[in-house]
>>> print(open('input12.txt').read())   # compact mmCIF, N, CA and C atoms
# COMPACT_ATOMS: atom_id res chain seq x y z
N MET A 14 0.84 -1.18 0.00
CA MET A 14 0.00 0.00 0.00
C MET A 14 0.88 1.24 0.00
N THR A 15 0.64 2.14 -0.91
CA THR A 15 1.42 3.37 -1.01
C THR A 15 0.81 4.42 -0.11
N PRO A 16 1.63 5.09 0.73
CA PRO A 16 1.09 6.12 1.62
C PRO A 16 0.50 7.28 0.82
N ASP A 17 -0.53 7.86 1.35
CA ASP A 17 -1.16 9.03 0.73
C ASP A 17 -0.34 10.26 1.09
N PRO A 18 0.30 10.93 0.11
CA PRO A 18 1.13 12.10 0.41
C PRO A 18 0.35 13.22 1.09
N GLU A 19 -0.96 13.26 0.87
CA GLU A 19 -1.78 14.31 1.50
C GLU A 19 -1.91 14.08 3.00
N GLN A 20 -1.80 12.82 3.46
CA GLN A 20 -1.98 12.51 4.87
C GLN A 20 -0.67 12.17 5.57
N SER A 21 0.43 12.20 4.87
CA SER A 21 1.71 11.86 5.46
C SER A 21 2.15 12.94 6.45
N PRO A 22 2.70 12.51 7.61
CA PRO A 22 3.22 13.49 8.57
C PRO A 22 4.55 14.10 8.12
N ILE A 23 5.11 13.59 7.03
CA ILE A 23 6.38 14.08 6.51
C ILE A 23 6.11 15.17 5.49
N ASP A 24 6.69 16.34 5.72
CA ASP A 24 6.55 17.46 4.79
C ASP A 24 7.89 17.68 4.11
N PRO A 25 8.02 17.28 2.83
CA PRO A 25 9.31 17.41 2.15
C PRO A 25 9.75 18.86 1.96
N HIS A 26 8.84 19.80 2.14
CA HIS A 26 9.18 21.21 1.96
C HIS A 26 9.58 21.89 3.27
N LYS A 27 9.41 21.19 4.37
CA LYS A 27 9.75 21.73 5.68
C LYS A 27 11.27 21.74 5.84
N ILE A 28 11.77 22.78 6.49
CA ILE A 28 13.21 22.89 6.71
C ILE A 28 13.55 22.11 7.97
N ALA A 29 13.56 20.80 7.82
CA ALA A 29 13.92 19.88 8.90
C ALA A 29 14.27 18.56 8.25
N TYR A 30 15.19 17.84 8.86
CA TYR A 30 15.54 16.53 8.33
C TYR A 30 14.32 15.62 8.38
N VAL A 31 14.16 14.79 7.36
CA VAL A 31 13.01 13.89 7.29
C VAL A 31 13.02 12.93 8.48
N TYR A 32 14.19 12.41 8.87
CA TYR A 32 14.24 11.49 9.99
C TYR A 32 13.78 12.16 11.28
N MET A 33 14.07 13.46 11.42
CA MET A 33 13.62 14.19 12.62
C MET A 33 12.10 14.36 12.60
N GLN A 34 11.53 14.66 11.44
CA GLN A 34 10.08 14.78 11.33
C GLN A 34 9.42 13.45 11.71
N MET A 35 10.01 12.37 11.22
CA MET A 35 9.48 11.05 11.50
C MET A 35 9.59 10.73 13.00
N ALA A 36 10.75 10.99 13.58
CA ALA A 36 10.95 10.75 15.01
C ALA A 36 10.02 11.62 15.83
N ASP A 37 9.85 12.87 15.44
CA ASP A 37 8.94 13.77 16.16
C ASP A 37 7.50 13.26 16.11
N HIS A 38 7.09 12.74 14.96
CA HIS A 38 5.73 12.22 14.82
C HIS A 38 5.52 11.00 15.71
N ILE A 39 6.48 10.09 15.72
CA ILE A 39 6.37 8.90 16.58
C ILE A 39 6.42 9.31 18.04
N ALA A 40 7.29 10.26 18.39
CA ALA A 40 7.36 10.75 19.77
C ALA A 40 6.04 11.37 20.20
N ASP A 41 5.39 12.08 19.29
CA ASP A 41 4.08 12.67 19.59
C ASP A 41 3.04 11.58 19.83
N ARG A 42 3.10 10.52 19.06
CA ARG A 42 2.17 9.40 19.25
C ARG A 42 2.41 8.73 20.60
N ILE A 43 3.67 8.64 21.02
CA ILE A 43 3.98 8.08 22.34
C ILE A 43 3.44 9.00 23.43
N ALA A 44 3.67 10.31 23.29
CA ALA A 44 3.20 11.28 24.29
C ALA A 44 1.68 11.27 24.43
N LYS A 45 0.98 11.07 23.32
CA LYS A 45 -0.49 11.05 23.34
C LYS A 45 -1.05 9.72 23.83
N GLY A 46 -0.19 8.73 24.03
CA GLY A 46 -0.65 7.43 24.49
C GLY A 46 -1.11 6.50 23.38
N GLU A 47 -0.93 6.91 22.13
CA GLU A 47 -1.29 6.04 21.01
C GLU A 47 -0.35 4.84 20.94
N LEU A 48 0.88 5.06 21.33
CA LEU A 48 1.87 3.98 21.46
C LEU A 48 2.23 3.90 22.94
N ARG A 49 1.82 2.84 23.58
CA ARG A 49 1.98 2.71 25.03
C ARG A 49 3.30 2.02 25.38
N PRO A 50 3.80 2.24 26.60
CA PRO A 50 5.02 1.57 27.03
C PRO A 50 4.92 0.06 26.83
N GLY A 51 5.97 -0.50 26.28
CA GLY A 51 6.01 -1.93 26.01
C GLY A 51 5.51 -2.30 24.63
N ALA A 52 4.86 -1.36 23.94
CA ALA A 52 4.34 -1.65 22.59
C ALA A 52 5.50 -1.81 21.62
N ARG A 53 5.38 -2.78 20.74
CA ARG A 53 6.42 -3.01 19.74
C ARG A 53 6.17 -2.12 18.54
N LEU A 54 7.21 -1.41 18.11
CA LEU A 54 7.13 -0.61 16.90
C LEU A 54 7.28 -1.52 15.69
N PRO A 55 6.71 -1.13 14.56
CA PRO A 55 6.96 -1.90 13.34
C PRO A 55 8.46 -1.91 13.04
N GLY A 56 8.91 -2.90 12.30
CA GLY A 56 10.30 -2.97 11.89
C GLY A 56 10.67 -1.76 11.03
N GLU A 57 11.96 -1.54 10.88
CA GLU A 57 12.42 -0.36 10.13
C GLU A 57 11.92 -0.35 8.69
N ARG A 58 11.89 -1.50 8.05
CA ARG A 58 11.40 -1.55 6.66
C ARG A 58 9.91 -1.23 6.61
N ASP A 59 9.15 -1.73 7.57
CA ASP A 59 7.72 -1.42 7.61
C ASP A 59 7.48 0.05 7.91
N LEU A 60 8.28 0.62 8.81
CA LEU A 60 8.17 2.06 9.09
C LEU A 60 8.48 2.87 7.84
N ALA A 61 9.49 2.42 7.09
CA ALA A 61 9.85 3.13 5.86
C ALA A 61 8.68 3.15 4.89
N VAL A 62 8.00 2.03 4.75
CA VAL A 62 6.84 1.96 3.85
C VAL A 62 5.71 2.83 4.39
N GLU A 63 5.45 2.73 5.69
CA GLU A 63 4.37 3.50 6.32
C GLU A 63 4.56 5.00 6.13
N TYR A 64 5.79 5.47 6.26
CA TYR A 64 6.07 6.91 6.16
C TYR A 64 6.49 7.34 4.76
N GLY A 65 6.68 6.39 3.87
CA GLY A 65 7.07 6.73 2.51
C GLY A 65 8.48 7.28 2.41
N VAL A 66 9.39 6.69 3.20
CA VAL A 66 10.78 7.15 3.24
C VAL A 66 11.71 5.96 2.95
N ALA A 67 12.99 6.26 2.80
CA ALA A 67 13.99 5.21 2.60
C ALA A 67 14.20 4.43 3.90
N HIS A 68 14.62 3.18 3.75
CA HIS A 68 14.88 2.32 4.90
C HIS A 68 15.89 2.96 5.86
N LEU A 69 16.95 3.55 5.32
CA LEU A 69 17.97 4.16 6.18
C LEU A 69 17.43 5.38 6.92
N THR A 70 16.45 6.06 6.35
CA THR A 70 15.82 7.19 7.04
C THR A 70 15.04 6.67 8.24
N ALA A 71 14.32 5.57 8.06
CA ALA A 71 13.58 4.95 9.17
C ALA A 71 14.55 4.48 10.25
N ARG A 72 15.69 3.93 9.84
CA ARG A 72 16.69 3.48 10.82
C ARG A 72 17.21 4.67 11.63
N ARG A 73 17.47 5.79 10.96
CA ARG A 73 17.98 6.98 11.66
C ARG A 73 16.92 7.54 12.61
N ALA A 74 15.65 7.49 12.21
CA ALA A 74 14.57 7.96 13.08
C ALA A 74 14.48 7.08 14.33
N THR A 75 14.63 5.78 14.15
CA THR A 75 14.60 4.86 15.29
C THR A 75 15.77 5.14 16.23
N ARG A 76 16.94 5.40 15.66
CA ARG A 76 18.11 5.74 16.48
C ARG A 76 17.86 7.03 17.26
N GLU A 77 17.26 8.01 16.62
CA GLU A 77 16.94 9.28 17.28
C GLU A 77 16.00 9.04 18.47
N LEU A 78 15.00 8.19 18.29
CA LEU A 78 14.07 7.87 19.38
C LEU A 78 14.80 7.16 20.52
N ARG A 79 15.75 6.28 20.19
CA ARG A 79 16.55 5.63 21.23
C ARG A 79 17.37 6.65 22.00
N GLU A 80 17.99 7.58 21.27
CA GLU A 80 18.81 8.61 21.92
C GLU A 80 17.97 9.49 22.83
N ARG A 81 16.71 9.69 22.50
CA ARG A 81 15.80 10.47 23.34
C ARG A 81 15.29 9.66 24.54
N GLY A 82 15.57 8.37 24.54
CA GLY A 82 15.12 7.51 25.63
C GLY A 82 13.66 7.09 25.51
N LEU A 83 13.09 7.23 24.32
CA LEU A 83 11.68 6.91 24.12
C LEU A 83 11.44 5.46 23.73
N VAL A 84 12.45 4.82 23.15
CA VAL A 84 12.33 3.42 22.75
C VAL A 84 13.60 2.68 23.13
N VAL A 85 13.47 1.36 23.21
CA VAL A 85 14.62 0.48 23.42
C VAL A 85 14.57 -0.57 22.32
N THR A 86 15.74 -0.96 21.84
CA THR A 86 15.83 -1.99 20.81
C THR A 86 16.52 -3.20 21.40
N LEU A 87 15.88 -4.35 21.27
CA LEU A 87 16.44 -5.60 21.74
C LEU A 87 16.81 -6.44 20.52
N PRO A 88 18.10 -6.81 20.40
CA PRO A 88 18.52 -7.59 19.23
C PRO A 88 17.65 -8.84 19.04
N ALA A 89 17.26 -9.07 17.81
CA ALA A 89 16.44 -10.21 17.40
C ALA A 89 15.03 -10.19 17.99
N LYS A 90 14.66 -9.11 18.67
CA LYS A 90 13.32 -9.00 19.26
C LYS A 90 12.53 -7.85 18.65
N GLY A 91 13.18 -6.70 18.50
CA GLY A 91 12.50 -5.54 17.94
C GLY A 91 12.72 -4.29 18.76
N THR A 92 11.98 -3.25 18.40
CA THR A 92 12.06 -1.97 19.09
C THR A 92 10.75 -1.73 19.81
N PHE A 93 10.85 -1.34 21.08
CA PHE A 93 9.69 -1.20 21.94
C PHE A 93 9.66 0.18 22.58
N VAL A 94 8.46 0.68 22.83
CA VAL A 94 8.30 1.94 23.55
C VAL A 94 8.83 1.72 24.96
N ALA A 95 9.70 2.61 25.41
CA ALA A 95 10.31 2.49 26.73
C ALA A 95 9.31 2.83 27.82
N TYR A 96 9.49 2.20 28.97
CA TYR A 96 8.70 2.55 30.15
C TYR A 96 9.34 3.78 30.78
N PRO A 97 8.53 4.68 31.33
CA PRO A 97 9.10 5.82 32.05
C PRO A 97 9.99 5.33 33.19
N ALA A 98 10.95 6.13 33.58
CA ALA A 98 11.90 5.74 34.63
C ALA A 98 11.20 5.35 35.93
N ASP A 99 10.07 5.99 36.24
CA ASP A 99 9.36 5.69 37.49
C ASP A 99 8.36 4.55 37.34
N ASP A 100 8.28 3.92 36.15
CA ASP A 100 7.35 2.81 35.90
C ASP A 100 8.11 1.71 35.16
N PRO A 101 8.70 0.75 35.90
CA PRO A 101 9.52 -0.26 35.25
C PRO A 101 8.74 -1.27 34.42
N GLY A 102 7.45 -1.23 34.43
CA GLY A 102 6.65 -2.16 33.64
C GLY A 102 6.58 -3.51 34.31
N GLU A 103 6.24 -4.50 33.51
CA GLU A 103 6.08 -5.84 34.08
C GLU A 103 7.24 -6.72 33.71
>>> encode(input="input12.txt", output="C-alpha cells")
Amino acid sequence: MTPDPEQSPIDPHKIAYVYMQMADHIADRIAKGELRPGARLPGERDLAVEYGVAHLTARRATRELRERGLVVTLPAKGTFVAYPADDPGE
C-alpha cells in the first residue's frame, strides 16, 4: 500500500531533516498514548513503507528515538516503547 502524500506526517518542503520529522511524529504518538510503554514498533522496513521514506531514514529515526530515551531496541526481538523511569513495567 502506497502512503497518501496528502496525509503523510512528513513534509518534504519543511526545513527539517526527514528522519527528525518522523521521530517527532512517533514521539508525539507516544506522548499522546497512542503507542503505550512496552508496545512493539513496526520494523524499520515497515516504518519506511508507512512513512514513505527510505529504509535508512527509518533506521535513523529509530536511532533518534533511542537517543531520546523513548524506545529500546532488543537484538532479534524488535524496538519497543520504553517505560518511564518511574514505571519499570512488568
>>> atom_distance(input="input12.txt", atom1="atom N of Arg49 of chain A", atom2="atom CA of Ile28 of chain A")
28.6 Å
>>> closest_residue(input="input12.txt", among="A:Asp37, A:Lys45, A:Pro97, A:Val31", to="Ala71 of chain A", atoms="only C-alpha atoms")
A:Val31
>>> select_by_dssp(input="input12.txt", residues="segment 46-100 of chain A", states="alpha helix (DSSP H)", output="ChimeraX atom specification")
/A:57-64,68-80
>>> residues_around(input="input12.txt", residues="Gly51 of chain A", least_positions_apart="3", cutoff="10 Å", atoms="only C-alpha atoms", output="CSV table (one decimal) with N, CA and C atoms, in the coordinates of the input")
chain,number,residue,atom,x,y,z
A,48,LEU,N,0.9,5.1,21.3
A,48,LEU,CA,1.9,4.0,21.5
A,48,LEU,C,2.2,3.9,22.9
A,54,LEU,N,7.2,-1.4,18.1
A,54,LEU,CA,7.1,-0.6,16.9
A,54,LEU,C,7.3,-1.5,15.7
A,84,VAL,N,12.4,4.8,23.2
A,84,VAL,CA,12.3,3.4,22.8
A,84,VAL,C,13.6,2.7,23.1
A,85,VAL,N,13.5,1.4,23.2
A,85,VAL,CA,14.6,0.5,23.4
A,85,VAL,C,14.6,-0.6,22.3
A,92,THR,N,12.0,-3.2,18.4
A,92,THR,CA,12.1,-2.0,19.1
A,92,THR,C,10.8,-1.7,19.8
A,93,PHE,N,10.8,-1.3,21.1
A,93,PHE,CA,9.7,-1.2,21.9
A,93,PHE,C,9.7,0.2,22.6
A,94,VAL,N,8.5,0.7,22.8
A,94,VAL,CA,8.3,1.9,23.6
A,94,VAL,C,8.8,1.7,25.0
A,95,ALA,N,9.7,2.6,25.4
A,95,ALA,CA,10.3,2.5,26.7
A,95,ALA,C,9.3,2.8,27.8
A,96,TYR,N,9.5,2.2,29.0
A,96,TYR,CA,8.7,2.6,30.2
A,96,TYR,C,9.3,3.8,30.8
A,102,GLY,N,7.4,-1.2,34.4
A,102,GLY,CA,6.6,-2.2,33.6
A,102,GLY,C,6.6,-3.5,34.3
A,103,GLU,N,6.2,-4.5,33.5
A,103,GLU,CA,6.1,-5.8,34.1
A,103,GLU,C,7.2,-6.7,33.7
>>> atom_distance(input="input12.txt", atom1="atom C of Leu87 of chain A", atom2="atom N of Ala52 of chain A")
13.4 Å
>>> atom_distance(input="input12.txt", atom1="atom CA of Ala40 of chain A", atom2="atom CA of Arg79 of chain A")
10.6 Å
>>> closest_residue(input="input12.txt", among="A:Ser21, A:Asp41, A:Ala36, A:His68", to="Gly56 of chain A", atoms="only C-alpha atoms")
A:His68
>>> residues_around(input="input12.txt", residues="Pro22 of chain A", least_positions_apart="4", cutoff="9 Å", atoms="only C-alpha atoms", output="ChimeraX atom specification")
/A:18,34-35,38,64
>>> closest_residue(input="input12.txt", among="A:Ile23, A:Leu83, A:Ala98, A:Val62", to="Ala44 of chain A", atoms="only C-alpha atoms")
A:Leu83
>>> closest_residue(input="input12.txt", among="A:Pro55, A:Arg73, A:Arg42, A:Ala61", to="Lys90 of chain A", atoms="only C-alpha atoms")
A:Pro55
>>> closest_residue(input="input12.txt", among="A:Glu80, A:Thr70, A:Gly91, A:Leu60", to="Tyr32 of chain A", atoms="all atoms listed in the file")
A:Thr70
